[in-house]
Every structure is written in structure tokens, then in C-alpha cells.
Amino acid sequence: MADRRVEGFFKGEVLTYAYLLLYISLSSGQIFFNKWVLSSKEINFPYPLALTLLHMIFSSILCFLLIKVFKVLKIEQGMSAEMYATSVIPIGATFAMTLWLGNTAYLYISVAFAQMLKAIMPVAVFILGVAAGLELMSCRMLLIMSVISFGVLVASYGEINISWIGVVYQMGGVVGEALRLIFMEILVKRKGLKLNPISIMYYVSPCSALCLLIPWIFLEKPKMEARGSWNFPPVILVLNSLCTFALNLSVFLVITHTSALTIRVAGVVKDWIVVLLSALLFADVKLTIINLFGYGVAIAGVVAYNNHKLKKEASRGSPSESEQSESVAMVTPSSSNK
């Protein structure tokens, strides 16, 4: 009996680490894949709106097939028309904004620098949370936000080839993601609806696709028509979209087999992997000591922020709801974003 328990324990541990490795690999890989597709030096498909729109359409179709046709996955019930209009639509719009602006930033700045700028995310979330009445200002949080902001500023100062247009796009994506998290927290905590990442994608993807379709028609469609045809294998776009959906599935697996703390640690590890690997994979990435020092300070602040949030959630006695809300934030492949 004891041998079976030990064997089961080790199997569970191996499975957990396998899911974490899968998530880190897919999340990092999706960021590099997007950069590769959008880069003029590689695939030369400089249409971030079109790429993100394709992701959302692909995700909508796959979610519908898996949930409604093949019934492989289940979604939580209780989504009313009023809740969809007041919560899901804002989440879908801000999600579309996050992915669009985040992917556009790759046209102007390196993957490593974009990742460093994303470290400012907790500051944006906290400021908007205070404005929405979801967070309380305190000396401890003010110190943590100051540390993160200082680290990002130092990392930016150390950037050799800085593009302010790219910085603006990336900061716009950060604001969009912060707004999405605020709406997610309102949906989960105030309206009491618990949704896993697959359910979120099922409800949000069609809305995000519609939000992306409108600007695509006016901003990128004319450019694509003017260019005419291009030597771009469609299979690459399909694989890119499939990787995005696989990333969402991996987040679902990680959430069901680990804790919020494990997910946050995995996110920090993934961020460092992306920064360091990008220096090896892309010629335009030149990391400096100032870059790495500033990013290290910012990450230390992020770790302190995560620790503070986890203690706060534990004191409330409702870790499951908070885990769902916070973990879904990681489903931003641009960004993987999510």
C-alpha cells in the first residue's frame, strides 16, 4: 500500500512538472513564433491585426467544436445576457486591445525589451484596481510599485535601440491587459461566476474577433489588398493559431494540477527564459548589464507583489476563485502576451 502511494505521488509530481514544462515551452514559443511571423527579416507578414484576428477566429471555431459538437470539454453554466453584455464584452474588447497592441509592438522593439516593459503590469493593475475600488492604497504596495517602476525605467535606460513608437504600443497593451484583469476580477468576485480558461476563450474569442475585425477592415485590409499576393505558406498561419490554442489548453491543465503560487513562479521563469533566449535567437537583441539589472529589480518587485496578493487571497479564504481570476491573466500569447 505504501509503495503504491509513493508511486502515485511521484507520478503526480512528474505529471505536474510535465504540465508546467509544457506551459513554459508553449508560452515562450508562441512569443517567438509571433515575432518570427511579424518580422520583416523573417516571414514578412507585418499585419498584427490580421494575425490576432486569425487567432481569435481559430480559437472560436475550435472551442465551439470541442464544446458543442464533440463535447470533449465542458463549460460552466450561468452566463446570462446581462452578464455577457456587462462583463464578457468589456473583457473581449480589452483582450483584443491587448493582443493587437502587444503584437504590433514587435514590429518596433525586440522581444526582450517588450518582455521587460511588461514587468510594469502590476503597477497598471494596482492603479486601476484602486480607481475601481478593488485595491487599497498602502505604504507596502506603494513601495512595491516604486520598485517595479524603478526597475523598468532602468531597463529602458539601458536599451540600446529604443523605439518610442514600440514603447507606446507595448504600454497600450499593458493598459489593455490591466483593464481586462479588472473586468475579470469584477466578473469572478462581484458577480460570482467561476470560469476556467477554456470557458473564457469560448465566450470571449468571438467578441474579441468582432472587436478586431472592425479596425482590421479600415487599417490593414487596404494595405493587404494593395500588396496583392505574397509568398507566405498558409500552413504557418494555421500552426501559429494552433499553438495559441494549445497554449490556452496548457494553462487549463496547469490550473487544475497546481496552485496559484506555482503558476506565478512558472510565469517569472518563463519571462527570464524569453529575455535570455531572445538574445540568442534574434540578431536585433542586444542585452546590456543595465538592461538585466533593471529587469532583475522589476522582477523582484513582481515577486513581492505576487507574494502580497497570495497572502491577501489566503486571508480571504477563497483561493480557488482568485486562482481562476489571476491564472486566466496568463492566457495572452502576445503577450502570452498571455
# chains A, B, ... in the order shown; residues from 1 in each chain; ligands from 1
$ residues_around --residues "region 158-167 of chain A" --least-positions-apart "6" --cutoff "10 Å" --atoms "only C-alpha atoms" --output "ChimeraX atom specification"
/A:101-110,112-114,117,152,173,284-294
$ select_by_dssp --residues "region 76-218 of chain A" --states "alpha helix (DSSP H)" --output "PyMOL selection string"
chain A and resi 81-83+89-105+111-118+121-132+139-157+164-185+197-218
$ residues_around --residues "Leu195 (chain A)" --least-positions-apart "3" --cutoff "8 Å" --atoms "only C-alpha atoms" --output "list in words"
Ile75, Glu76, Val188, Ile198, Ser199, Ile200 and Gln324 of chain A
$ atom_distance --atom1 "CA of Leu253 (chain A)" --atom2 "CA of Pro122 (chain A)"
24.5 Å
$ atom_distance --atom1 "CA of Phe70 (chain A)" --atom2 "CA of Leu210 (chain A)"
24.8 Å
$ residues_around --residues "Phe126 (chain A)" --least-positions-apart "5" --cutoff "10 Å" --atoms "only C-alpha atoms" --output "ChimeraX atom specification"
/A:121,131-132,134-137,141-142,145,178,182,305
$ residues_around --residues "region 26-42 of chain A" --least-positions-apart "5" --cutoff "10 Å" --atoms "only C-alpha atoms" --output "MDAnalysis selection string"
chainID A and resid 20:21 47:48 51:52 103:108 110:111 115 232 236:237 239:248 250:251 267 270:275 277:278 281:282 330:338
$ write_last_selection --atoms "N, CA and C atoms" --output "CSV table (one decimal), in the first residue's frame"
chain,number,residue,atom,x,y,z
A,20,LEU,N,3.8,22.0,-16.3
A,20,LEU,CA,4.5,23.2,-16.2
A,20,LEU,C,5.5,23.5,-17.3
A,21,LEU,N,6.2,22.4,-17.7
A,21,LEU,CA,7.2,22.5,-18.8
A,21,LEU,C,6.5,22.8,-20.1
A,47,TYR,N,1.3,42.3,-40.3
A,47,TYR,CA,-0.1,42.6,-40.1
A,47,TYR,C,-0.5,42.1,-38.7
A,48,PRO,N,-0.2,42.7,-37.7
A,48,PRO,CA,-0.5,42.2,-36.3
A,48,PRO,C,-2.0,42.1,-36.1
A,51,LEU,N,-3.1,38.9,-37.9
A,51,LEU,CA,-2.7,37.8,-37.2
A,51,LEU,C,-3.5,37.5,-35.9
A,52,THR,N,-3.8,38.6,-35.1
A,52,THR,CA,-4.5,38.4,-33.9
A,52,THR,C,-6.0,38.0,-34.2
A,103,ASN,N,1.2,42.7,-30.1
A,103,ASN,CA,1.8,42.1,-31.3
A,103,ASN,C,2.4,43.2,-32.2
A,104,THR,N,1.7,44.4,-32.2
A,104,THR,CA,2.2,45.5,-33.1
A,104,THR,C,3.5,46.0,-32.5
A,105,ALA,N,3.7,45.9,-31.2
A,105,ALA,CA,5.0,46.4,-30.6
A,105,ALA,C,6.2,45.6,-31.2
A,106,TYR,N,6.0,44.3,-31.5
A,106,TYR,CA,7.1,43.5,-32.0
A,106,TYR,C,7.6,44.0,-33.4
A,107,LEU,N,6.9,44.9,-34.0
A,107,LEU,CA,7.3,45.4,-35.3
A,107,LEU,C,8.4,46.5,-35.0
A,108,TYR,N,8.5,47.0,-33.8
A,108,TYR,CA,9.3,48.2,-33.5
A,108,TYR,C,10.4,47.9,-32.4
A,110,SER,N,12.4,44.9,-29.7
A,110,SER,CA,12.8,43.5,-29.6
A,110,SER,C,11.9,42.7,-28.6
A,111,VAL,N,11.9,41.4,-28.7
A,111,VAL,CA,11.2,40.5,-27.8
A,111,VAL,C,11.6,40.8,-26.3
A,115,GLN,N,9.4,42.3,-23.3
A,115,GLN,CA,9.1,41.5,-22.0
A,115,GLN,C,9.5,42.3,-20.8
A,232,PHE,N,3.7,33.5,-48.8
A,232,PHE,CA,3.6,33.1,-47.4
A,232,PHE,C,2.8,31.9,-47.3
A,236,ILE,N,1.8,28.0,-42.1
A,236,ILE,CA,2.4,28.7,-41.0
A,236,ILE,C,1.4,29.4,-40.1
A,237,LEU,N,0.5,30.1,-40.8
A,237,LEU,CA,-0.6,30.8,-40.0
A,237,LEU,C,-1.4,29.8,-39.2
A,239,LEU,N,-0.5,26.8,-38.1
A,239,LEU,CA,0.3,26.3,-37.0
A,239,LEU,C,0.4,27.4,-35.9
A,240,ASN,N,0.5,28.6,-36.3
A,240,ASN,CA,0.6,29.7,-35.3
A,240,ASN,C,-0.6,29.8,-34.5
A,241,SER,N,-1.8,29.7,-35.1
A,241,SER,CA,-3.1,29.8,-34.4
A,241,SER,C,-3.3,28.5,-33.6
A,242,LEU,N,-2.8,27.4,-34.1
A,242,LEU,CA,-2.9,26.2,-33.3
A,242,LEU,C,-2.1,26.2,-32.0
A,243,CYS,N,-0.9,26.8,-32.1
A,243,CYS,CA,0.0,27.0,-31.0
A,243,CYS,C,-0.7,27.9,-29.9
A,244,THR,N,-1.4,28.9,-30.4
A,244,THR,CA,-2.1,29.8,-29.5
A,244,THR,C,-3.2,29.0,-28.7
A,245,PHE,N,-3.9,28.2,-29.4
A,245,PHE,CA,-5.0,27.4,-28.7
A,245,PHE,C,-4.4,26.4,-27.8
A,246,ALA,N,-3.3,25.8,-28.2
A,246,ALA,CA,-2.6,24.8,-27.4
A,246,ALA,C,-2.1,25.4,-26.1
A,247,LEU,N,-1.7,26.7,-26.2
A,247,LEU,CA,-1.2,27.4,-25.0
A,247,LEU,C,-2.4,27.6,-24.0
A,248,ASN,N,-3.6,27.9,-24.5
A,248,ASN,CA,-4.7,28.1,-23.7
A,248,ASN,C,-5.1,26.7,-23.0
A,250,SER,N,-2.9,24.4,-22.3
A,250,SER,CA,-1.9,24.1,-21.3
A,250,SER,C,-2.1,24.9,-20.0
A,251,VAL,N,-2.6,26.1,-20.1
A,251,VAL,CA,-3.0,26.9,-18.9
A,251,VAL,C,-4.1,26.2,-18.1
A,267,GLY,N,5.5,31.7,-14.4
A,267,GLY,CA,5.4,32.9,-15.2
A,267,GLY,C,6.7,33.7,-15.1
A,270,LYS,N,9.4,31.8,-17.0
A,270,LYS,CA,9.1,31.9,-18.5
A,270,LYS,C,9.6,33.3,-19.0
A,271,ASP,N,9.4,34.4,-18.2
A,271,ASP,CA,9.8,35.7,-18.6
A,271,ASP,C,11.3,35.8,-18.8
A,272,TRP,N,12.0,35.2,-17.8
A,272,TRP,CA,13.5,35.2,-17.9
A,272,TRP,C,14.0,34.4,-19.1
A,273,ILE,N,13.3,33.2,-19.3
A,273,ILE,CA,13.7,32.4,-20.5
A,273,ILE,C,13.5,33.1,-21.8
A,274,VAL,N,12.4,33.9,-21.9
A,274,VAL,CA,12.2,34.6,-23.1
A,274,VAL,C,13.2,35.7,-23.3
A,275,VAL,N,13.6,36.4,-22.2
A,275,VAL,CA,14.5,37.5,-22.3
A,275,VAL,C,15.9,37.0,-22.8
A,277,LEU,N,16.7,33.9,-24.1
A,277,LEU,CA,16.7,33.2,-25.4
A,277,LEU,C,16.6,34.1,-26.5
A,278,SER,N,15.9,35.2,-26.4
A,278,SER,CA,15.7,36.2,-27.5
A,278,SER,C,17.0,36.8,-27.9
A,281,LEU,N,18.4,34.1,-30.2
A,281,LEU,CA,17.6,33.8,-31.5
A,281,LEU,C,17.5,35.0,-32.4
A,282,PHE,N,17.5,36.2,-31.9
A,282,PHE,CA,17.3,37.4,-32.8
A,282,PHE,C,18.5,38.3,-32.8
A,330,MET,N,-2.8,34.8,-17.6
A,330,MET,CA,-1.6,34.3,-18.3
A,330,MET,C,-1.9,33.9,-19.7
A,331,VAL,N,-3.2,33.8,-20.1
A,331,VAL,CA,-3.6,33.4,-21.4
A,331,VAL,C,-3.5,34.5,-22.4
A,332,THR,N,-2.3,35.1,-22.6
A,332,THR,CA,-2.1,36.2,-23.5
A,332,THR,C,-0.9,36.0,-24.3
A,333,PRO,N,-1.0,35.2,-25.3
A,333,PRO,CA,0.2,34.8,-26.0
A,333,PRO,C,1.0,35.8,-26.7
A,334,SER,N,0.4,37.1,-26.8
A,334,SER,CA,1.2,38.1,-27.5
A,334,SER,C,2.4,38.5,-26.7
A,335,SER,N,1.7,38.2,-25.8
A,335,SER,CA,1.8,38.8,-24.5
A,335,SER,C,2.1,37.8,-23.7
A,336,SER,N,1.3,36.2,-24.3
A,336,SER,CA,1.4,35.2,-23.6
A,336,SER,C,1.9,35.4,-23.3
A,337,ASN,N,1.3,37.7,-24.4
A,337,ASN,CA,1.0,38.3,-24.1
A,337,ASN,C,0.9,37.6,-23.5
A,338,LYS,N,-0.5,35.8,-22.9
A,338,LYS,CA,-0.9,35.6,-22.4
A,338,LYS,C,-0.1,35.3,-22.4
$ atom_distance --atom1 "CA of Tyr157 (chain A)" --atom2 "CA of Val123 (chain A)"
18.6 Å
$ residues_around --residues "Ala298 (chain A)" --least-positions-apart "4" --cutoff "8 Å" --atoms "only C-alpha atoms" --output "NGL selection string"
:A and (119-120 or 147-152 or 294 or 302)
$ residues_around --residues "Met201 (chain A)" --least-positions-apart "3" --cutoff "8 Å" --atoms "only C-alpha atoms" --output "MDAnalysis selection string"
chainID A and resid 59:60 63 197:198 204:205
